[in-house]
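Heads up, the thing below is written out as structure tokens.
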Amino acid sequence: MFDPNIPVKVFTSYAHKDEELREELDVHLAMIKRHKAVEIWNDRDIQAGSEWDEDIKSELNTADIILLLVSPRFLASRYIYDVEIKTALERHESREAIVVPIILKPCDWLQTEFAKLQALPRNATPVVKWDDMDEAFYNVVTGIKQVITAAQKRKAKA
């Protein structure tokens, strides 16, 4: 499925109030994580004693794929908006990373700078609006797998 010789780093940007949904996504990403070529990171991976801002920026600047877990709280976060989204979009536009919005909850995300990007799940229907959230997350994971394959192909050509 994934080429173990071409490692891909995934950065997950989310609002802490949405941690339960991020954790649910992590569960659905378990099979992807088992492929040693894919490393999925979020700020809960920051070690005690580390400078959190420095760690976040370092991971964000080295990620091949940046997942934006979009919700009203995500959009309201000044740090997410001013640091993470700004950096993510700069890296996306320079083709250093692929940014994927994942719509968790209904919100005014179509007014953002990343509204031009194809979002997950299908039809950008918020995860919480699906009749079956497992089905929504399965749809998201299917899309992420395609992005990982694309990122590996991009890195192989570089």
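Each chain of the structure tokens is named A, B, ... in the order shown, its residues numbered from 1; ligands are numbered from 1 in display order.
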With only C-alpha atoms counted and 10 Å as the cut-off, give the residues of segment 36-71 of chain A in contact with segment 89-102 of chain A, each with its shortest interatomic distance in Å and the pair that gives it, as JSON lines.
```
{"residue": "A:Leu60", "atom": "CA", "partner": "A:Arg91", "partner_atom": "CA", "distance": 9.2}
{"residue": "A:Asn61", "atom": "CA", "partner": "A:Arg91", "partner_atom": "CA", "distance": 7.8}
{"residue": "A:Thr62", "atom": "CA", "partner": "A:Ala97", "partner_atom": "CA", "distance": 8.5}
{"residue": "A:Ala63", "atom": "CA", "partner": "A:Ala97", "partner_atom": "CA", "distance": 6.6}
{"residue": "A:Asp64", "atom": "CA", "partner": "A:Ala97", "partner_atom": "CA", "distance": 4.5}
{"residue": "A:Ile65", "atom": "CA", "partner": "A:Ile98", "partner_atom": "CA", "distance": 4.7}
{"residue": "A:Ile66", "atom": "CA", "partner": "A:Val99", "partner_atom": "CA", "distance": 4.7}
{"residue": "A:Leu67", "atom": "CA", "partner": "A:Val100", "partner_atom": "CA", "distance": 5.0}
{"residue": "A:Leu68", "atom": "CA", "partner": "A:Pro101", "partner_atom": "CA", "distance": 4.6}
{"residue": "A:Leu69", "atom": "CA", "partner": "A:Ile102", "partner_atom": "CA", "distance": 5.0}
{"residue": "A:Val70", "atom": "CA", "partner": "A:Ile102", "partner_atom": "CA", "distance": 5.8}
{"residue": "A:Ser71", "atom": "CA", "partner": "A:Ile102", "partner_atom": "CA", "distance": 9.0}
```
Go ahead and write the residues just picked, C-alpha atoms, as a short mmCIF file (atom, residue, chain, number, x, y, z; two decimals), in the first residue's frame.
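Below is the file out.cif, written as the result:
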```cif
data_model
loop_
_atom_site.label_atom_id
_atom_site.label_comp_id
_atom_site.auth_asym_id
_atom_site.auth_seq_id
_atom_site.Cartn_x
_atom_site.Cartn_y
_atom_site.Cartn_z
CA LEU A 60 4.44 22.03 11.05
CA ASN A 61 7.45 23.08 8.97
CA THR A 62 8.57 19.51 8.28
CA ALA A 63 5.19 17.88 7.66
CA ASP A 64 4.36 16.49 4.23
CA ILE A 65 0.63 16.55 4.95
CA ILE A 66 -1.21 18.98 7.21
CA LEU A 67 -4.69 18.03 8.41
CA LEU A 68 -6.93 20.90 9.53
CA LEU A 69 -9.68 19.60 11.83
CA VAL A 70 -12.20 22.37 11.22
CA SER A 71 -14.84 23.44 13.71
#
```
Run DSSP on the backbone and give me the residues of segment 31-146 of chain A it puts in alpha helix (DSSP H), as a short mmCIF file (atom, residue, chain, number, x, y, z; two decimals) with C-alpha atoms, in the first residue's frame.
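The resulting out02.cif:
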```cif
data_model
loop_
_atom_site.label_atom_id
_atom_site.label_comp_id
_atom_site.auth_asym_id
_atom_site.auth_seq_id
_atom_site.Cartn_x
_atom_site.Cartn_y
_atom_site.Cartn_z
CA MET A 31 -4.16 0.93 10.21
CA ILE A 32 -2.32 3.78 8.49
CA LYS A 33 -0.12 4.30 11.58
CA ARG A 34 0.89 0.64 11.48
CA TRP A 52 5.56 23.75 22.88
CA ASP A 53 5.54 26.65 20.41
CA GLU A 54 8.93 25.61 19.04
CA ASP A 55 7.84 21.95 18.76
CA ILE A 56 4.62 22.84 16.96
CA LYS A 57 6.40 25.09 14.48
CA SER A 58 9.11 22.49 13.87
CA GLU A 59 6.59 19.72 13.17
CA LEU A 60 4.44 22.03 11.05
CA ASN A 61 7.45 23.08 8.97
CA THR A 62 8.57 19.51 8.28
CA PRO A 72 -16.10 26.73 15.16
CA ARG A 73 -13.52 26.47 17.98
CA PHE A 74 -10.76 25.75 15.44
CA LEU A 75 -11.67 28.90 13.49
CA ALA A 76 -11.90 30.95 16.71
CA ARG A 78 -6.02 32.91 17.34
CA TYR A 79 -2.94 30.63 17.49
CA LYS A 86 -0.92 30.67 7.84
CA THR A 87 2.13 28.39 7.78
CA ALA A 88 0.16 25.46 6.38
CA LEU A 89 -1.16 27.50 3.45
CA GLU A 90 2.26 28.99 2.70
CA ARG A 91 3.74 25.49 2.58
CA HIS A 92 0.81 24.24 0.47
CA GLU A 93 1.19 27.07 -2.05
CA MET A 133 -19.75 8.95 12.44
CA ASP A 134 -17.72 5.78 11.84
CA GLU A 135 -18.76 5.98 8.19
CA ALA A 136 -17.74 9.65 8.11
CA PHE A 137 -14.31 8.88 9.57
CA TYR A 138 -13.90 5.92 7.20
CA ASN A 139 -14.55 8.34 4.33
CA VAL A 140 -11.95 10.73 5.77
CA VAL A 141 -9.37 7.95 6.14
CA THR A 142 -9.96 6.81 2.57
CA GLY A 143 -9.20 10.35 1.41
CA ILE A 144 -6.12 10.62 3.63
CA LYS A 145 -4.74 7.38 2.17
CA GLN A 146 -4.97 8.90 -1.31
#
```
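Every residue of segment 40-105 of chain A with a DSSP assignment of strand (DSSP E), taken from the backbone, is listed as Ile40, Trp41, Ile65, Ile66, Leu67, Leu68, Leu69, Val70, Ile98, Val99, Val100, Pro101, Ile102 and Ile103 of chain A.
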Keeping only C-alpha atoms, write the selected residues to a file as a compact mmCIF listing (two decimals), in the first residue's frame.
```txt
# COMPACT_ATOMS: atom_id res chain seq x y z
CA ILE A 40 1.06 11.18 12.46
CA TRP A 41 1.77 13.98 14.94
CA ILE A 65 0.63 16.55 4.95
CA ILE A 66 -1.21 18.98 7.21
CA LEU A 67 -4.69 18.03 8.41
CA LEU A 68 -6.93 20.90 9.53
CA LEU A 69 -9.68 19.60 11.83
CA VAL A 70 -12.20 22.37 11.22
CA ILE A 98 -0.46 19.11 1.11
CA VAL A 99 -3.15 20.72 3.28
CA VAL A 100 -6.40 18.83 3.83
CA PRO A 101 -9.33 20.45 5.63
CA ILE A 102 -11.45 17.91 7.52
CA ILE A 103 -14.79 19.41 8.47
```
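Compared by their closest atoms to Ala124 of chain A, and using only C-alpha atoms, the residues A:Asp43, A:Leu25, A:Glu19, A:Leu104 rank with A:Leu104 nearest.
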